[in-house]
Number of protein chains: 2
Amino acid sequence: MIQRVVLSEQVKEELLDDIMNGRYQPGDRLVESQIAKRMGISQSPVREALRDMVAMRFVEVEPHKGARVRKIDEREVLEIYPVRACLEELAGQLAVERAPEYLDQLNTAIKRMAKAFASRDVRTLAYWDVSFHRTILEASGNQILIETWNSLMIEARTFVTLSNLISRSPEIDLAGRHYPIVEALEEGDPIKCGKVMRRHVEEFGEVMHGIFNHSEHSMQLNISEKGEAAQSRAKAG
Amino acid sequence: MIQRVVLSEQVKEELLDDIMNGRYQPGDRLVESQIAKRMGISQSPVREALRDMVAMRFVEVEPHKGARVRKIDEREVLEIYPVRACLEELAGQLAVERAPEYLDQLNTAIKRMAKAFASRDVRTLAYWDVSFHRTILEASGNQILIETWNSLMIEARTFVTLSNLISRSPEIDLAGRHYPIVEALEEGDPIKCGKVMRRHVEEFGEVMHGIFNHSEHSMQLNISEKGEAAQSRAKAG
DNA sequence: ATTTAAGCGGTTATCGATAATCGTTGACGT
DNA sequence: ACGTCAACGATTATCGATAACCGCTTAAAT
């Protein structure tokens, strides 16, 4: 077995895929020894991968009882928006300064979103949506802010969120809603840009709120690991 | 060797103490096998503890190169305040609703702060300062917000921060500055309360900014593991 | 019948040993 | 001198085995 990187990283990648693709459902147990046997390796790297995934909030463990896939519940989906709103407002304010360097990147992300949306590729759509927001965070230049935002694991949540969103509101113009942000950045007013960012995030929060109020949840939709998202994420690993 | 909890937890506690007490300095290597031998256990739990501490940002590891104590630099100290400001503003807004249940706790924290300050016990002072803020976060009721704030590891940073602060401005009334927050909570206006919280955090950011501009840094001060903080933290573990 | 205790299967937590990797040292050739 | 590379010591990453532990089932006791 040749290994380009540490085994535990590979294990993590693989398990992440398994979770994102629904092969493991929320609540499912992740038994170290079973996974190890399946992958033909020993327990240690699996264990380490699982602990890493705890930090990423994909997995939860209880001492002596093992790991299971964390389930993202309605409450959590809704609670995240106020937090994102305030963090991204700050990011928007700070990003104005260095915005010019990032405009291309942002516009590209929007275009990819539109394309992915057209082909109903939710995974790739989520990827570029997150990518857009992450770019603005990076442009903020505040490393703590970036890490804090990262700790929210927006990737995973966004995928779930957008799956819901699109299945309820197939016509919503996700990509287009990002243009006002780019415009605000071009304009160069930090306060205003912050407000636009905040509003953008809050809007999605409200939409999600509406979704949860109108119908019961059930996720999963057009899940495939073939799109751009998979490749880019693997590279990032 | 009797063990009430998992070894890796104990190891983590011990290493945390070692770091907080300066027995390990920022940048020092943390060699798994050495620590294991010193503690009379095997490498595995040490390794696991170290990985945990990476998630806590106390430690950084490079693959195949091992772990070392992370150093908190000036930039990081300063960058954290804008982030805290926006998170705690939100917390202040949300906390108003359930504030009455928490007022006693908050007032107690302030009193302990004053006491610790009088005896120049920086560790305990930091503990109660953090405790005050954490209480408001809890009162917010937003679990994501709480976890996000926790991910900032305010404990560790506050200790360093206050060590600096007090050595430069021995007369500053740290405890007293928290009363306006309690008053705002009692008043019951969410927006105002949020603003007070934000202002409170920003003030400290500004003070720290001033400190870094006026003199070079050098930390460590009256470090002892005897105070309340140690006990309470151990219990919380 | 209800409670307590012992046994069992399955899994985690820990161990001790080994393989893989890194940084350095020093011989060697130029 | 200086750059290259083989060998070494130190340390991490991984392994395979075992001890400790949990939840459950069954047997014994009241």
# chains A, B, ... in the order shown; residues from 1 in each chain; ligands from 1
call {"tool": "interface_residues", "arguments": {"of": "chain C", "to": "chain B", "cutoff": "9 Å", "atoms": "only C-alpha atoms (C1' of nucleotides)", "output": "MDAnalysis selection string"}}
result
chainID C and resid 13:16 21:22
call {"tool": "write_last_selection", "arguments": {"atoms": "C-alpha atoms (C1' of nucleotides)", "output": "CSV table (one decimal), in the first residue's frame"}}
result
chain,number,residue,atom,x,y,z
C,13,DA,C1',-8.5,2.6,25.1
C,14,DT,C1',-3.9,1.5,25.8
C,15,DC,C1',0.3,-0.9,25.2
C,16,DG,C1',4.9,-2.3,23.2
C,21,DT,C1',10.6,9.8,7.8
C,22,DC,C1',13.2,13.9,9.2
call {"tool": "residues_around", "arguments": {"residues": "DC8 in chain D", "least_positions_apart": "3", "cutoff": "12 Å", "atoms": "only C-alpha atoms (C1' of nucleotides)", "output": "PyMOL selection string"}}
result
chain C and resi 22-26
call {"tool": "write_last_selection", "arguments": {"atoms": "C-alpha atoms (C1' of nucleotides)", "output": "PDB file, in the first residue's frame"}}
result
ATOM      1  C1'  DC C  22      13.206  13.943   9.152  1.00  0.00           C
ATOM      2  C1'  DG C  23      17.356  16.737  10.207  1.00  0.00           C
ATOM      3  C1'  DT C  24      22.033  16.545  10.830  1.00  0.00           C
ATOM      4  C1'  DT C  25      26.639  15.165  10.618  1.00  0.00           C
ATOM      5  C1'  DG C  26      30.624  14.203   8.318  1.00  0.00           C
TER       6       DG C  26
END
call {"tool": "interface_residues", "arguments": {"of": "chain B", "to": "chain A", "cutoff": "10 Å", "atoms": "only C-alpha atoms", "output": "JSON, numbers by chain"}}
result
{"B": [5, 6, 44, 47, 48, 51, 52, 54, 55, 56, 63, 64, 75, 76, 77, 78, 79, 80, 81, 82, 83, 84, 85, 86, 87, 88, 89, 90, 91, 141, 142, 143, 144, 145, 146, 147, 148, 149, 150, 151, 152]}
call {"tool": "select_by_dssp", "arguments": {"residues": "range 54-103 of chain A", "states": "strand (DSSP E or B)", "output": "PyMOL selection string"}}
result
chain A and resi 59-62+66-69
call {"tool": "interface_residues", "arguments": {"of": "chain D", "to": "chain B", "cutoff": "9 Å", "atoms": "only C-alpha atoms (C1' of nucleotides)", "output": "VMD selection string"}}
result
chain D and resid 11 to 13
call {"tool": "closest_residue", "arguments": {"among": "C:DT3, C:DA20, C:DA27, C:DT12", "to": "DA20 in chain D", "atoms": "only C-alpha atoms (C1' of nucleotides)"}}
result
C:DT12
call {"tool": "select_by_dssp", "arguments": {"residues": "range 1-233 of chain A", "states": "alpha helix (DSSP H)", "output": "ChimeraX atom specification"}}
result
/A:7-20,32-39,43-55,74-95,103-118,122-140,143-150,154-168,179-187,190-214,228-233
call {"tool": "atom_distance", "arguments": {"atom1": "CA of Glu155 in chain A", "atom2": "CA of Arg120 in chain A"}}
result
17.5 Å
call {"tool": "atom_distance", "arguments": {"atom1": "CA of Ala126 in chain B", "atom2": "CA of Phe204 in chain B"}}
result
13.3 Å
